[in-house]
$ cat data.json   # JSON, C-alpha atoms
[["chain", "number", "residue", "atom", "x", "y", "z"],
["J", 1, "MET", "CA", -7.67, 11.86, 19.92],
["J", 2, "PRO", "CA", -5.27, 9.59, 21.83],
["J", 3, "GLU", "CA", -1.69, 9.33, 20.66],
["J", 4, "PRO", "CA", 0.20, 6.09, 20.02],
["J", 5, "LYS", "CA", 2.12, 4.67, 22.96],
["J", 6, "VAL", "CA", 5.92, 4.68, 22.82],
["J", 7, "ALA", "CA", 5.87, 0.91, 23.31],
["J", 8, "SER", "CA", 4.08, 0.57, 19.95],
["J", 9, "PHE", "CA", 6.80, 2.44, 18.00],
["J", 10, "PRO", "CA", 8.56, -0.76, 16.80],
["J", 11, "ALA", "CA", 5.20, -2.07, 15.54],
["J", 12, "ILE", "CA", 4.56, 1.27, 13.84],
["J", 13, "ARG", "CA", 7.92, 1.11, 12.06],
["J", 14, "GLY", "CA", 7.13, -2.42, 10.84],
["J", 15, "ALA", "CA", 3.64, -1.38, 9.75],
["J", 16, "LEU", "CA", 5.09, 1.60, 7.89],
["J", 17, "ARG", "CA", 7.52, -0.61, 5.97],
["J", 18, "PHE", "CA", 4.73, -3.05, 5.11],
["J", 19, "TYR", "CA", 2.49, -0.15, 4.04],
["J", 20, "GLN", "CA", 5.23, 1.32, 1.84],
["J", 21, "ILE", "CA", 5.82, -1.98, 0.04],
["J", 22, "ALA", "CA", 2.09, -2.69, -0.34],
["J", 23, "SER", "CA", 1.36, 0.81, -1.66],
["J", 24, "ILE", "CA", 4.08, 0.63, -4.30],
["J", 25, "ILE", "CA", 3.01, -2.83, -5.49],
["J", 26, "THR", "CA", -0.66, -1.78, -5.53],
["J", 27, "GLY", "CA", 0.17, 1.44, -7.37],
["J", 28, "VAL", "CA", 2.13, -0.40, -10.06],
["J", 29, "MET", "CA", -0.61, -3.00, -10.42],
["J", 30, "LEU", "CA", -3.23, -0.24, -10.72],
["J", 31, "LEU", "CA", -1.24, 1.46, -13.48],
["J", 32, "LEU", "CA", -0.97, -1.87, -15.32],
["J", 33, "LEU", "CA", -4.71, -2.36, -14.87],
["J", 34, "VAL", "CA", -5.44, 1.09, -16.31],
["J", 35, "ALA", "CA", -3.23, 0.33, -19.31],
["J", 36, "GLU", "CA", -4.99, -3.01, -19.76],
["J", 37, "MET", "CA", -8.42, -1.39, -19.59],
["J", 38, "VAL", "CA", -7.41, 1.27, -22.12],
["J", 39, "LEU", "CA", -6.26, -1.47, -24.49],
["J", 40, "LYS", "CA", -9.43, -3.50, -24.03],
["J", 41, "TYR", "CA", -12.25, -0.96, -23.72],
["J", 42, "THR", "CA", -11.20, 1.76, -26.16],
["J", 43, "PRO", "CA", -11.59, 1.25, -29.92],
["J", 44, "ILE", "CA", -8.25, -0.57, -29.88],
["J", 45, "HIS", "CA", -9.89, -3.71, -28.34],
["J", 46, "LEU", "CA", -6.77, -5.75, -27.49],
["J", 47, "GLU", "CA", -5.70, -8.07, -24.67],
["J", 48, "LEU", "CA", -2.20, -9.13, -23.67],
["J", 49, "PHE", "CA", -1.29, -12.82, -23.83],
["J", 50, "ALA", "CA", 1.79, -14.85, -22.95],
["J", 51, "GLY", "CA", 2.52, -17.96, -25.00],
["J", 52, "GLY", "CA", 0.10, -19.54, -27.42],
["J", 53, "SER", "CA", -0.04, -19.07, -31.16],
["J", 54, "GLY", "CA", 1.15, -15.45, -31.10],
["J", 55, "GLY", "CA", 4.55, -16.04, -29.49],
["J", 56, "PRO", "CA", 5.99, -15.33, -26.04],
["J", 57, "LEU", "CA", 4.17, -12.00, -25.54],
["J", 58, "TRP", "CA", 1.50, -10.72, -27.89],
["J", 59, "LEU", "CA", -1.71, -8.72, -28.23],
["J", 60, "ALA", "CA", -4.90, -10.47, -29.35],
["J", 61, "PRO", "CA", -8.04, -8.70, -30.58],
["J", 62, "VAL", "CA", -11.17, -8.60, -28.45],
["J", 63, "VAL", "CA", -14.44, -8.89, -30.38],
["J", 64, "GLU", "CA", -18.03, -8.03, -29.55],
["J", 65, "GLY", "CA", -19.95, -11.22, -28.87],
["J", 66, "PRO", "CA", -23.46, -12.03, -27.67],
["J", 67, "GLU", "CA", -22.31, -11.75, -24.02],
["J", 68, "GLY", "CA", -20.12, -8.66, -24.41],
["J", 69, "LEU", "CA", -16.43, -8.47, -25.25],
["J", 70, "GLU", "CA", -14.83, -11.85, -25.93],
["J", 71, "SER", "CA", -11.16, -12.65, -26.19],
["J", 72, "THR", "CA", -9.78, -14.28, -29.35],
["J", 73, "GLY", "CA", -6.34, -15.13, -27.98],
["J", 74, "ASP", "CA", -4.98, -18.42, -26.78],
["J", 75, "GLY", "CA", -2.28, -18.89, -24.20],
["J", 76, "PHE", "CA", -2.09, -17.24, -20.78],
["J", 77, "ASN", "CA", -4.29, -14.12, -20.58],
["J", 78, "LEU", "CA", -2.03, -11.55, -18.90],
["J", 79, "SER", "CA", -4.79, -8.91, -18.99],
["J", 80, "LEU", "CA", -6.98, -11.09, -16.81],
["J", 81, "ALA", "CA", -4.02, -11.95, -14.56],
["J", 82, "ILE", "CA", -3.33, -8.23, -14.01],
["J", 83, "LEU", "CA", -6.98, -7.70, -13.04],
["J", 84, "VAL", "CA", -6.97, -10.57, -10.54],
["J", 85, "ALA", "CA", -3.54, -9.71, -9.11],
["J", 86, "HIS", "CA", -4.53, -6.09, -8.54],
["J", 87, "GLY", "CA", -7.67, -7.24, -6.73],
["J", 88, "TRP", "CA", -5.69, -9.43, -4.34],
["J", 89, "PHE", "CA", -2.94, -6.86, -3.82],
["J", 90, "TYR", "CA", -5.63, -4.30, -3.05],
["J", 91, "VAL", "CA", -6.88, -6.52, -0.21],
["J", 92, "VAL", "CA", -3.32, -6.70, 1.16],
["J", 93, "TYR", "CA", -3.00, -2.93, 0.69],
["J", 94, "LEU", "CA", -6.24, -2.34, 2.63],
["J", 95, "PHE", "CA", -4.87, -4.46, 5.47],
["J", 96, "ALA", "CA", -1.64, -2.41, 5.44],
["J", 97, "CYS", "CA", -3.68, 0.83, 5.46],
["J", 98, "PHE", "CA", -5.83, -0.40, 8.35],
["J", 99, "ARG", "CA", -2.79, -1.45, 10.38],
["J", 100, "MET", "CA", -1.05, 1.89, 9.83],
["J", 101, "TRP", "CA", -4.23, 3.82, 10.58],
["J", 102, "SER", "CA", -5.04, 1.90, 13.76],
["J", 103, "LEU", "CA", -1.50, 2.01, 15.18],
["J", 104, "MET", "CA", -1.19, 5.75, 14.50],
["J", 105, "ARG", "CA", -4.73, 6.40, 15.83],
["J", 106, "TRP", "CA", -5.59, 8.68, 12.93],
["J", 107, "PRO", "CA", -9.13, 9.93, 12.17],
["J", 108, "PHE", "CA", -11.31, 7.63, 10.03],
["J", 109, "LEU", "CA", -11.23, 10.08, 7.11],
["J", 110, "ARG", "CA", -7.50, 9.44, 6.77],
["J", 111, "PHE", "CA", -8.17, 5.69, 6.44],
["J", 112, "ILE", "CA", -10.63, 6.43, 3.61],
["J", 113, "LEU", "CA", -8.01, 8.56, 1.88],
["J", 114, "LEU", "CA", -5.42, 5.80, 2.27],
["J", 115, "ALA", "CA", -7.86, 3.21, 0.90],
["J", 116, "LEU", "CA", -8.55, 5.38, -2.16],
["J", 117, "GLY", "CA", -4.85, 5.06, -3.01],
["J", 118, "GLY", "CA", -5.55, 1.60, -4.40],
["J", 119, "VAL", "CA", -8.29, 2.72, -6.79],
["J", 120, "ILE", "CA", -7.18, 6.20, -7.94],
["J", 121, "PRO", "CA", -4.13, 5.97, -10.22],
["J", 122, "LEU", "CA", -0.94, 7.51, -8.75],
["J", 123, "LEU", "CA", -2.60, 8.30, -5.39],
["J", 124, "SER", "CA", -0.91, 5.35, -3.65],
["J", 125, "PHE", "CA", 2.52, 6.78, -4.56],
["J", 126, "ILE", "CA", 1.55, 10.22, -3.26],
["J", 127, "MET", "CA", 0.03, 8.82, -0.05],
["J", 128, "GLU", "CA", 3.05, 6.58, 0.53],
["J", 129, "ALA", "CA", 5.36, 9.59, 0.46],
["J", 130, "ILE", "CA", 3.08, 11.65, 2.73],
["J", 131, "VAL", "CA", 2.51, 8.83, 5.24],
["J", 132, "ALA", "CA", 6.23, 7.94, 5.40],
["J", 133, "ARG", "CA", 7.16, 11.58, 5.97],
["J", 134, "ASP", "CA", 4.46, 12.13, 8.62],
["J", 135, "VAL", "CA", 5.08, 8.91, 10.54],
["J", 136, "LYS", "CA", 8.88, 9.27, 10.57],
["J", 137, "ALA", "CA", 8.61, 12.89, 11.72],
["J", 138, "TYR", "CA", 6.08, 11.97, 14.41],
["J", 139, "LEU", "CA", 8.21, 9.12, 15.75],
["J", 140, "ALA", "CA", 11.35, 11.25, 15.80],
["J", 141, "THR", "CA", 9.57, 14.10, 17.59],
["J", 142, "ARG", "CA", 7.97, 11.83, 20.20],
["J", 143, "GLU", "CA", 11.20, 9.92, 20.84],
["J", 144, "ALA", "CA", 13.13, 13.18, 21.27],
["J", 145, "ALA", "CA", 10.46, 14.52, 23.64],
["J", 146, "ASP", "CA", 10.36, 11.29, 25.65],
["J", 147, "ALA", "CA", 14.16, 11.17, 25.86],
["J", 148, "SER", "CA", 14.36, 14.72, 27.20],
["J", 149, "THR", "CA", 11.56, 14.27, 29.73],
["J", 150, "GLY", "CA", 12.78, 10.80, 30.73],
["J", 151, "SER", "CA", 16.25, 12.04, 31.71],
["J", 152, "ALA", "CA", 14.88, 15.11, 33.52],
["J", 153, "THR", "CA", 12.41, 13.16, 35.64],
["J", 154, "GLN", "CA", 14.79, 10.46, 36.81],
["J", 155, "GLY", "CA", 16.53, 12.66, 39.40],
["J", 156, "PRO", "CA", 19.58, 11.64, 41.41],
["J", 157, "GLN", "CA", 20.38, 7.97, 41.85],
["J", 158, "ILE", "CA", 20.66, 6.74, 45.44],
["J", 159, "SER", "CA", 22.96, 3.85, 46.11],
["J", 160, "MET", "CA", 21.99, 1.25, 48.66],
["J", 161, "GLU", "CA", 25.54, -0.02, 49.04],
["J", 162, "GLY", "CA", 26.77, -0.24, 52.59],
["J", 163, "VAL", "CA", 23.26, -0.03, 54.06],
["J", 164, "ARG", "CA", 22.64, -2.76, 56.64]]

$ encode --input "data.json" --output "structure tokens"
Amino acid sequence: MPEPKVASFPAIRGALRFYQIASIITGVMLLLLVAEMVLKYTPIHLELFAGGSGGPLWLAPVVEGPEGLESTGDGFNLSLAILVAHGWFYVVYLFACFRMWSLMRWPFLRFILLALGGVIPLLSFIMEAIVARDVKAYLATREAADASTGSATQGPQISMEGVR
């Protein structure tokens, strides 16, 4: 498998930072989504609302209706907002995973593992730590190797001063 070019190292560093931010946001949103689903789909049957008749932040019951579970709250449905926000952040996270994967020229299986970080709770935090460690170590090793071979292969410098 081909290795990344040294010229792409600044892009890799930027992609790593973007990936780290996206994975943390996606991981937090996924944990909020899991909490929301536990509240809604277990016998508790509650949804989180902001504003409305219940106050600034409150839980409203969810009841069984003819078309499934139906919300009884008024105001801004934070449970639904968490669901939508996680979906959009997951798209951004997939883009960050793809960019990191393509710049590092990793096998496709690693991309699948990175992508699973947005749907398996806590995996994005674990993958973020592993990817950051691996990429930083790889870049440091390659830069050290290129620096040592670059100075050894340059040889003596010949001056053209005084040549007519």

$ residues_around --input "data.json" --residues "segment 105-120 of chain J" --least-positions-apart "2" --cutoff "12 Å" --atoms "only C-alpha atoms" --output "PDB file with C-alpha atoms, in the frame of the given file"
ATOM      1  CA  MET J   1      -7.670  11.860  19.920  1.00  0.00           C
ATOM      2  CA  PRO J   2      -5.270   9.590  21.830  1.00  0.00           C
ATOM      3  CA  GLU J   3      -1.690   9.330  20.660  1.00  0.00           C
ATOM      4  CA  PRO J   4       0.200   6.090  20.020  1.00  0.00           C
ATOM      5  CA  LYS J   5       2.120   4.670  22.960  1.00  0.00           C
ATOM      6  CA  SER J   8       4.080   0.570  19.950  1.00  0.00           C
ATOM      7  CA  ILE J  12       4.560   1.270  13.840  1.00  0.00           C
ATOM      8  CA  TYR J  19       2.490  -0.150   4.040  1.00  0.00           C
ATOM      9  CA  GLN J  20       5.230   1.320   1.840  1.00  0.00           C
ATOM     10  CA  ALA J  22       2.090  -2.690  -0.340  1.00  0.00           C
ATOM     11  CA  SER J  23       1.360   0.810  -1.660  1.00  0.00           C
ATOM     12  CA  ILE J  24       4.080   0.630  -4.300  1.00  0.00           C
ATOM     13  CA  ILE J  25       3.010  -2.830  -5.490  1.00  0.00           C
ATOM     14  CA  THR J  26      -0.660  -1.780  -5.530  1.00  0.00           C
ATOM     15  CA  GLY J  27       0.170   1.440  -7.370  1.00  0.00           C
ATOM     16  CA  VAL J  28       2.130  -0.400 -10.060  1.00  0.00           C
ATOM     17  CA  MET J  29      -0.610  -3.000 -10.420  1.00  0.00           C
ATOM     18  CA  LEU J  30      -3.230  -0.240 -10.720  1.00  0.00           C
ATOM     19  CA  LEU J  31      -1.240   1.460 -13.480  1.00  0.00           C
ATOM     20  CA  LEU J  33      -4.710  -2.360 -14.870  1.00  0.00           C
ATOM     21  CA  VAL J  34      -5.440   1.090 -16.310  1.00  0.00           C
ATOM     22  CA  HIS J  86      -4.530  -6.090  -8.540  1.00  0.00           C
ATOM     23  CA  GLY J  87      -7.670  -7.240  -6.730  1.00  0.00           C
ATOM     24  CA  TRP J  88      -5.690  -9.430  -4.340  1.00  0.00           C
ATOM     25  CA  PHE J  89      -2.940  -6.860  -3.820  1.00  0.00           C
ATOM     26  CA  TYR J  90      -5.630  -4.300  -3.050  1.00  0.00           C
ATOM     27  CA  VAL J  91      -6.880  -6.520  -0.210  1.00  0.00           C
ATOM     28  CA  VAL J  92      -3.320  -6.700   1.160  1.00  0.00           C
ATOM     29  CA  TYR J  93      -3.000  -2.930   0.690  1.00  0.00           C
ATOM     30  CA  LEU J  94      -6.240  -2.340   2.630  1.00  0.00           C
ATOM     31  CA  PHE J  95      -4.870  -4.460   5.470  1.00  0.00           C
ATOM     32  CA  ALA J  96      -1.640  -2.410   5.440  1.00  0.00           C
ATOM     33  CA  CYS J  97      -3.680   0.830   5.460  1.00  0.00           C
ATOM     34  CA  PHE J  98      -5.830  -0.400   8.350  1.00  0.00           C
ATOM     35  CA  ARG J  99      -2.790  -1.450  10.380  1.00  0.00           C
ATOM     36  CA  MET J 100      -1.050   1.890   9.830  1.00  0.00           C
ATOM     37  CA  TRP J 101      -4.230   3.820  10.580  1.00  0.00           C
ATOM     38  CA  SER J 102      -5.040   1.900  13.760  1.00  0.00           C
ATOM     39  CA  LEU J 103      -1.500   2.010  15.180  1.00  0.00           C
ATOM     40  CA  LEU J 122      -0.940   7.510  -8.750  1.00  0.00           C
ATOM     41  CA  LEU J 123      -2.600   8.300  -5.390  1.00  0.00           C
ATOM     42  CA  SER J 124      -0.910   5.350  -3.650  1.00  0.00           C
ATOM     43  CA  PHE J 125       2.520   6.780  -4.560  1.00  0.00           C
ATOM     44  CA  ILE J 126       1.550  10.220  -3.260  1.00  0.00           C
ATOM     45  CA  MET J 127       0.030   8.820  -0.050  1.00  0.00           C
ATOM     46  CA  GLU J 128       3.050   6.580   0.530  1.00  0.00           C
ATOM     47  CA  ALA J 129       5.360   9.590   0.460  1.00  0.00           C
ATOM     48  CA  ILE J 130       3.080  11.650   2.730  1.00  0.00           C
ATOM     49  CA  VAL J 131       2.510   8.830   5.240  1.00  0.00           C
ATOM     50  CA  ASP J 134       4.460  12.130   8.620  1.00  0.00           C
ATOM     51  CA  VAL J 135       5.080   8.910  10.540  1.00  0.00           C
TER      52      VAL J 135
END

$ residues_around --input "data.json" --residues "Leu48 of chain J" --least-positions-apart "4" --cutoff "12 Å" --atoms "all atoms listed in the file" --output "PyMOL selection string"
chain J and resi 32-33+35-40+52+54-62+71-83

$ atom_distance --input "data.json" --atom1 "atom CA of Val63 of chain J" --atom2 "atom CA of Leu46 of chain J"
8.8 Å

$ closest_residue --input "data.json" --among "J:Glu47, J:Asp146, J:Glu70, J:Glu64" --to "Ala7 of chain J" --atoms "all atoms listed in the file"
J:Asp146

$ atom_distance --input "data.json" --atom1 "atom CA of Ala85 of chain J" --atom2 "atom CA of Pro66 of chain J"
27.3 Å

$ atom_distance --input "data.json" --atom1 "atom CA of Val6 of chain J" --atom2 "atom CA of Arg142 of chain J"
7.9 Å
